[in-house]
$ cat structure-v2.cif   # mmCIF, C-alpha atoms
data_run
#
loop_
_atom_site.label_atom_id
_atom_site.label_comp_id
_atom_site.auth_asym_id
_atom_site.auth_seq_id
_atom_site.Cartn_x
_atom_site.Cartn_y
_atom_site.Cartn_z
CA MET A 204 0.00 0.00 0.00
CA THR A 205 1.44 3.36 -0.99
CA VAL A 206 0.34 6.80 0.20
CA ARG A 207 -1.04 7.43 -3.28
CA GLU A 208 -3.09 4.21 -3.22
CA LEU A 209 -4.32 5.06 0.29
CA LEU A 210 -5.60 8.36 -1.01
CA GLN A 211 -7.27 6.77 -4.04
CA LYS A 212 -9.01 4.11 -1.95
CA THR A 213 -10.24 6.38 0.83
CA GLY A 214 -11.08 9.46 -1.17
CA TRP A 215 -9.35 11.59 1.46
CA LYS A 216 -7.96 14.94 0.36
CA ALA A 217 -4.31 15.57 -0.47
CA LEU A 218 -3.03 18.86 0.96
CA THR A 219 0.47 18.40 -0.52
CA ASP A 220 2.04 16.38 -3.29
CA ILE A 221 1.51 12.71 -2.61
CA PRO A 222 4.51 10.47 -3.21
CA ASP A 223 4.58 6.81 -4.08
CA THR A 224 6.02 6.01 -0.64
CA ALA A 225 5.00 2.74 1.02
CA VAL A 226 2.83 2.88 4.14
CA SER A 227 4.15 0.16 6.42
CA SER A 228 2.12 0.84 9.57
CA ALA A 229 -0.27 3.28 11.22
CA TYR A 230 0.18 5.32 14.37
CA ILE A 231 -2.16 7.66 16.26
CA GLY A 232 -0.93 10.24 18.76
CA ASP A 233 -1.05 13.93 19.61
CA LEU A 234 1.78 14.18 22.15
CA LEU A 235 4.73 15.00 19.95
CA SER A 236 7.42 13.57 22.24
CA TRP A 237 5.50 10.34 22.49
CA VAL A 238 5.11 10.11 18.73
CA MET A 239 8.76 11.00 18.26
CA ALA A 240 9.75 8.12 20.53
CA HIS A 241 7.33 5.50 19.25
CA ALA A 242 6.20 6.09 15.65
CA GLN A 243 8.14 4.02 13.16
CA ALA A 244 9.51 5.09 9.79
CA GLY A 245 6.93 4.45 7.10
CA ALA A 246 3.97 5.04 9.43
CA ALA A 247 0.79 6.81 8.44
CA TRP A 248 0.48 9.14 11.43
CA VAL A 249 -2.99 10.32 12.45
CA THR A 250 -3.04 13.44 14.63
CA VAL A 251 -5.37 16.30 15.46
CA GLN A 252 -2.34 18.55 15.86
CA ALA A 253 -2.14 20.57 12.66
CA HIS A 254 0.63 23.05 13.40
CA ILE A 255 4.08 23.38 11.90
CA ASN A 256 5.87 21.24 14.50
CA VAL A 257 3.97 18.16 13.33
CA ILE A 258 5.91 18.41 10.08
CA ALA A 259 9.28 18.35 11.88
CA VAL A 260 8.26 15.27 13.87
CA ALA A 261 6.92 13.53 10.75
CA SER A 262 10.13 14.32 8.89
CA LEU A 263 12.42 13.24 11.75
CA THR A 264 10.58 9.95 12.30
CA GLY A 265 10.31 9.29 8.57
CA CYS A 266 6.53 8.97 8.57
CA ALA A 267 5.05 8.07 5.18
CA CYS A 268 2.31 10.65 5.64
CA VAL A 269 0.40 12.72 8.19
CA ILE A 270 -3.38 12.28 8.28
CA ILE A 271 -5.31 15.16 9.87
CA PRO A 272 -8.81 13.96 10.76
CA GLU A 273 -12.18 15.71 11.14
CA ASN A 274 -11.38 18.19 8.36
CA ILE A 275 -9.27 20.18 10.81
CA GLN A 276 -7.86 23.17 9.03
CA VAL A 277 -4.13 23.09 8.35
CA SER A 278 -2.38 26.45 8.11
CA GLU A 279 -0.55 27.48 4.96
CA GLU A 280 2.62 27.84 7.07
CA THR A 281 2.36 24.16 8.02
CA LEU A 282 1.73 23.09 4.43
CA GLU A 283 4.66 25.15 3.19
CA ALA A 284 6.92 23.43 5.73
CA ALA A 285 5.50 20.07 4.62
CA ARG A 286 6.22 20.80 0.98
CA SER A 287 9.75 21.95 1.67
CA LYS A 288 10.50 18.86 3.77
CA GLY A 289 8.72 16.45 1.44
CA VAL A 290 6.13 15.41 4.04
CA ALA A 291 2.79 14.25 2.63
CA VAL A 292 -0.24 15.71 4.44
CA ILE A 293 -3.74 14.30 3.99
CA SER A 294 -7.04 15.65 5.31
CA ALA A 295 -9.71 13.12 6.31
CA PRO A 296 -13.35 13.97 7.12
CA CYS A 297 -13.70 11.18 9.70
CA THR A 298 -12.41 11.01 13.27
CA ALA A 299 -9.03 9.50 14.16
CA TYR A 300 -10.93 6.34 15.03
CA GLY A 301 -12.58 6.35 11.61
CA ALA A 302 -9.19 6.83 9.98
CA ALA A 303 -7.85 3.89 11.98
CA LYS A 304 -10.76 1.72 10.83
CA ALA A 305 -10.17 2.70 7.20
CA LEU A 306 -6.43 2.00 7.46
CA CYS A 307 -7.13 -1.33 9.10
CA ALA A 308 -9.62 -2.30 6.38
CA LEU A 309 -6.91 -1.59 3.82
CA GLY A 310 -4.51 -3.92 5.58
CA VAL A 311 -2.37 -1.28 7.31
CA GLY A 312 -1.61 -2.48 10.83
CA GLU A 313 0.50 -1.56 13.82
CA ALA A 314 4.28 -1.54 13.48
CA MET B 146 38.68 13.56 7.20
CA PRO B 147 39.47 14.80 10.71
CA ASP B 148 39.06 12.41 13.65
CA VAL B 149 36.23 14.45 15.12
CA PHE B 150 33.47 16.22 13.21
CA ARG B 151 31.84 19.01 15.18
CA GLU B 152 28.98 21.38 14.40
CA THR B 153 27.13 23.81 16.65
CA PHE B 154 23.54 24.98 16.23
CA GLU B 155 22.02 28.06 17.84
CA ILE B 156 18.65 27.41 19.46
CA ALA B 157 16.46 30.46 20.08
CA SER B 158 13.97 30.66 22.92
CA GLY B 159 10.34 30.41 21.76
CA ASP B 160 11.27 29.73 18.14
CA PHE B 161 8.68 27.03 17.45
CA ALA B 162 8.75 27.76 13.72
CA SER B 163 12.32 26.45 13.51
CA ALA B 164 11.90 23.64 16.03
CA GLY B 165 13.47 20.46 14.73
CA GLU B 166 15.76 22.18 12.20
CA ALA B 167 18.95 21.42 14.15
CA SER B 168 17.84 17.82 14.72
CA ALA B 169 17.03 17.43 11.02
CA LYS B 170 20.53 18.63 10.12
CA ILE B 171 22.09 16.27 12.66
CA LYS B 172 20.01 13.39 11.27
CA SER B 173 21.08 14.16 7.72
CA ILE B 174 24.77 14.28 8.76
CA LEU B 175 24.46 10.92 10.52
CA ARG B 176 22.73 9.38 7.51
CA MET B 177 25.34 10.83 5.18
CA ILE B 178 28.17 9.15 7.08
CA GLY B 179 26.25 5.88 7.02
CA LEU B 180 25.62 5.53 10.75
CA ASP B 181 23.41 2.62 11.79
CA PRO B 182 19.74 3.71 11.33
CA ALA B 183 18.73 2.53 14.83
CA LEU B 184 21.51 4.62 16.40
CA THR B 185 20.63 7.57 14.15
CA ARG B 186 17.05 7.31 15.41
CA ARG B 187 18.18 7.35 19.05
CA VAL B 188 20.38 10.43 18.51
CA THR B 189 17.59 12.17 16.60
CA ILE B 190 15.00 11.54 19.33
CA ALA B 191 17.38 12.88 21.98
CA SER B 192 18.44 15.92 19.96
CA TYR B 193 14.83 16.82 19.16
CA GLU B 194 13.87 16.63 22.84
CA ALA B 195 16.87 18.75 23.81
CA GLU B 196 16.10 21.26 21.08
CA LEU B 197 12.45 21.54 22.15
CA ASN B 198 13.38 21.87 25.80
CA MET B 199 15.63 24.81 24.98
CA ILE B 200 12.90 26.44 22.87
CA ILE B 201 10.18 25.92 25.48
CA HIS B 202 12.04 26.40 28.76
CA SER B 203 15.30 28.28 28.26
CA HIS B 204 16.48 31.74 27.29
CA GLY B 205 18.17 30.08 24.33
CA GLY B 206 21.38 28.21 23.87
CA GLU B 207 23.52 26.01 21.70
CA MET B 208 23.52 22.37 20.73
CA THR B 209 26.76 20.84 19.50
CA VAL B 210 27.11 17.46 17.84
CA GLU B 211 30.48 15.74 17.84
CA ILE B 212 31.10 12.62 15.82
CA SER B 213 34.20 10.50 16.37
CA PRO B 214 34.87 6.95 15.16
CA ASP B 215 33.56 5.47 18.43
CA ALA B 216 30.75 7.79 19.54
CA VAL B 217 28.30 10.55 18.77
CA LEU B 218 28.19 13.23 21.45
CA LEU B 219 25.49 15.83 21.98
CA HIS B 220 26.28 18.83 24.16
CA CYS B 221 23.51 21.29 24.99
CA GLU B 222 24.07 24.45 26.91
CA ASP B 223 21.59 27.22 27.57
CA THR B 224 21.74 30.50 29.40
CA GLY B 225 19.08 29.84 32.01
CA PRO B 226 16.86 30.05 33.93
CA GLY B 227 17.82 26.51 34.95
CA ILE B 228 15.81 23.56 36.21
CA GLU B 229 14.53 24.00 39.75
CA ASP B 230 14.23 20.31 40.62
CA ILE B 231 16.21 17.97 38.37
CA ASP B 232 14.97 14.80 40.10
CA MET B 233 11.38 15.77 39.39
CA ALA B 234 12.22 16.83 35.82
CA MET B 235 13.75 13.40 35.19
CA GLN B 236 10.45 11.70 36.04
CA GLU B 237 8.24 10.69 33.13
CA GLY B 238 5.11 12.79 33.01
CA TYR B 239 6.45 15.68 35.10
CA SER B 240 6.36 18.96 33.19
CA THR B 241 6.50 22.67 33.88
CA ALA B 242 5.43 23.59 30.35
CA PRO B 243 2.69 26.23 30.12
CA PHE B 244 -0.84 25.34 29.00
CA ASP B 245 -0.56 26.78 25.48
CA VAL B 246 2.58 24.75 24.83
CA ARG B 247 0.87 21.59 26.10
CA MET B 248 -2.03 22.23 23.74
CA MET B 249 0.47 22.01 20.89
CA GLY B 250 1.33 18.49 22.00
CA PHE B 251 4.52 19.42 23.87
CA GLY B 252 5.16 19.32 27.59
CA ALA B 253 4.26 15.67 28.06
CA GLY B 254 7.09 15.31 30.56
CA MET B 255 8.94 12.93 28.25
CA GLY B 256 11.85 15.13 27.24
CA LEU B 257 14.60 14.38 29.73
CA PRO B 258 13.50 10.74 30.27
CA ASN B 259 13.58 10.19 26.48
CA MET B 260 17.09 11.67 26.30
CA LYS B 261 18.34 9.44 29.11
CA LYS B 262 16.64 6.35 27.68
CA ASN B 263 18.11 6.83 24.22
CA SER B 264 21.68 7.73 25.19
CA ASP B 265 24.43 5.48 26.54
CA GLU B 266 25.66 8.17 28.92
CA PHE B 267 23.64 11.13 30.12
CA THR B 268 24.67 13.91 32.49
CA ILE B 269 22.79 17.02 33.46
CA ARG B 270 23.87 20.04 35.47
CA SER B 271 21.67 23.03 36.09
CA ASP B 272 21.57 26.23 38.06
CA SER B 273 20.02 29.63 37.51
CA GLY B 274 22.79 30.48 35.04
CA GLY B 275 21.79 27.66 32.72
CA THR B 276 21.49 23.97 32.04
CA ARG B 277 24.17 21.77 30.54
CA LEU B 278 23.36 18.38 29.06
CA ASP B 279 25.96 15.92 27.79
CA MET B 280 24.91 12.77 25.99
CA ARG B 281 27.03 10.01 24.52
CA PHE B 282 25.90 7.44 21.99
CA ASP B 283 28.36 4.61 21.47
CA ILE B 284 29.12 3.50 17.93
CA LYS B 285 29.57 -0.25 18.20
#
$ encode --input "structure-v2.cif" --output "structure tokens"
Amino acid sequence: MTVRELLQKTGWKALTDIPDTAVSSAYIGDLLSWVMAHAQAGAAWVTVQAHINVIAVASLTGCACVIIPENIQVSEETLEAARSKGVAVISAPCTAYGAAKALCALGVGEA
Amino acid sequence: MPDVFRETFEIASGDFASAGEASAKIKSILRMIGLDPALTRRVTIASYEAELNMIIHSHGGEMTVEISPDAVLLHCEDTGPGIEDIDMAMQEGYSTAPFDVRMMGFGAGMGLPNMKKNSDEFTIRSDSGGTRLDMRFDIK
């Protein structure tokens, strides 16, 4: 499963360019230190945090993409940082739980 | 190539927009020299926590990375105001971060414990003039 395929199958909205990177697991968390310590490279990271520091954490952990649930608005500053660091950001209309269910149905599991 | 590579990064107090930049540079240096990915991850986690701590809690400071054939060292030094109770600060979940910073997902009280957990040697000294952290990561 690649980020691009994930987007095609869920119909979620791409907020940045979407690469052909493989999604190897899923992770949900809003405490950035916790995510930094536990999310694995290749993870699709679901978080309600939509500020610029999410992009640094996603980049440092090597996340495949960031999924922002509940149509939470993502600032242009955050998206600019995402584009410059090559981090894929996706907006989903469902809750984090709904995103987890969708990822699970597509065969994306825990690391 | 010299025996020791050294680079210093300035960390400004309250500069959330640049948070993670120094750690990203350190990560890219470690990847460039072909360091083991698991060790690179440990150094990156520790440097990010140190960087964020300086941004959130200090008046600003410097983070220096030193790479020798047998270890990666991280030295962090800020100009205050210091940590009032280091034993408490070393406990997971203890945080003095303000509410607005916590709402951003910081201040979980994981910073210093994560640094200690991920390094092979960890020392901390602090007084009102500043905090000094030294971390060593062995290259095996």
$ closest_residue --input "structure-v2.cif" --among "A:Met204, A:Ile271, A:Leu235, A:Ser228" --to "Arg247 in chain B" --atoms "only C-alpha atoms"
A:Leu235
$ resolve_selection --input "structure-v2.cif" --expression "the PyMOL selection byres ((chain B) within 12 of (chain A))" --output "PyMOL selection string"
chain B and resi 160-173+176+182-183+185-198+237-238+246-260+262-263
$ residues_around --input "structure-v2.cif" --residues "Tyr230 in chain A" --least-positions-apart "6" --cutoff "7 Å" --atoms "all atoms listed in the file" --output "ChimeraX atom specification"
/A:242,246-249,313
$ atom_distance --input "structure-v2.cif" --atom1 "CA of Asp245 in chain B" --atom2 "CA of Ser158 in chain B"
15.3 Å
$ residues_around --input "structure-v2.cif" --residues "range 224-229 of chain B" --least-positions-apart "3" --cutoff "8 Å" --atoms "only C-alpha atoms" --output "NGL selection string"
:B and (202-206 or 234 or 271-276)
$ resolve_selection --input "structure-v2.cif" --expression "the PyMOL selection byres ((chain B and resi 151) around 7)" --output "list in words"
Val149, Phe150, Glu152, Thr153, Thr209, Val210, Glu211 and Ile212 of chain B
$ residues_around --input "structure-v2.cif" --residues "Leu218 in chain A" --least-positions-apart "5" --cutoff "10 Å" --atoms "only C-alpha atoms" --output "ChimeraX atom specification"
/A:270-271,277,279,282,285-286,291-294
$ atom_distance --input "structure-v2.cif" --atom1 "CA of Phe282 in chain B" --atom2 "CA of Ser227 in chain A"
27.7 Å
$ resolve_selection --input "structure-v2.cif" --expression "the PyMOL selection byres ((chain B and resi 221) around 7)" --output "short mmCIF file (atom, residue, chain, number, x, y, z; two decimals) with C-alpha atoms, in the coordinates of the input"
data_model
loop_
_atom_site.label_atom_id
_atom_site.label_comp_id
_atom_site.auth_asym_id
_atom_site.auth_seq_id
_atom_site.Cartn_x
_atom_site.Cartn_y
_atom_site.Cartn_z
CA GLU B 207 23.52 26.01 21.70
CA MET B 208 23.52 22.37 20.73
CA THR B 209 26.76 20.84 19.50
CA LEU B 219 25.49 15.83 21.98
CA HIS B 220 26.28 18.83 24.16
CA GLU B 222 24.07 24.45 26.91
CA ASP B 223 21.59 27.22 27.57
CA ARG B 277 24.17 21.77 30.54
CA LEU B 278 23.36 18.38 29.06
CA ASP B 279 25.96 15.92 27.79
#
$ atom_distance --input "structure-v2.cif" --atom1 "CA of Gly159 in chain B" --atom2 "CA of Ile200 in chain B"
4.9 Å
$ closest_residue --input "structure-v2.cif" --among "B:Phe244, B:Ile269, B:Ser264, B:Pro214" --to "Ile231 in chain B" --atoms "all atoms listed in the file"
B:Ile269
$ residues_around --input "structure-v2.cif" --residues "Gly245 in chain A" --least-positions-apart "4" --cutoff "6 Å" --atoms "all atoms listed in the file" --output "list in words"
Val226, Ser227, Cys266 and Ala267 of chain A
$ write_last_selection --input "structure-v2.cif" --atoms "C-alpha atoms" --output "short mmCIF file (atom, residue, chain, number, x, y, z; two decimals), in the coordinates of the input"
data_model
loop_
_atom_site.label_atom_id
_atom_site.label_comp_id
_atom_site.auth_asym_id
_atom_site.auth_seq_id
_atom_site.Cartn_x
_atom_site.Cartn_y
_atom_site.Cartn_z
CA VAL A 226 2.83 2.88 4.14
CA SER A 227 4.15 0.16 6.42
CA CYS A 266 6.53 8.97 8.57
CA ALA A 267 5.05 8.07 5.18
#
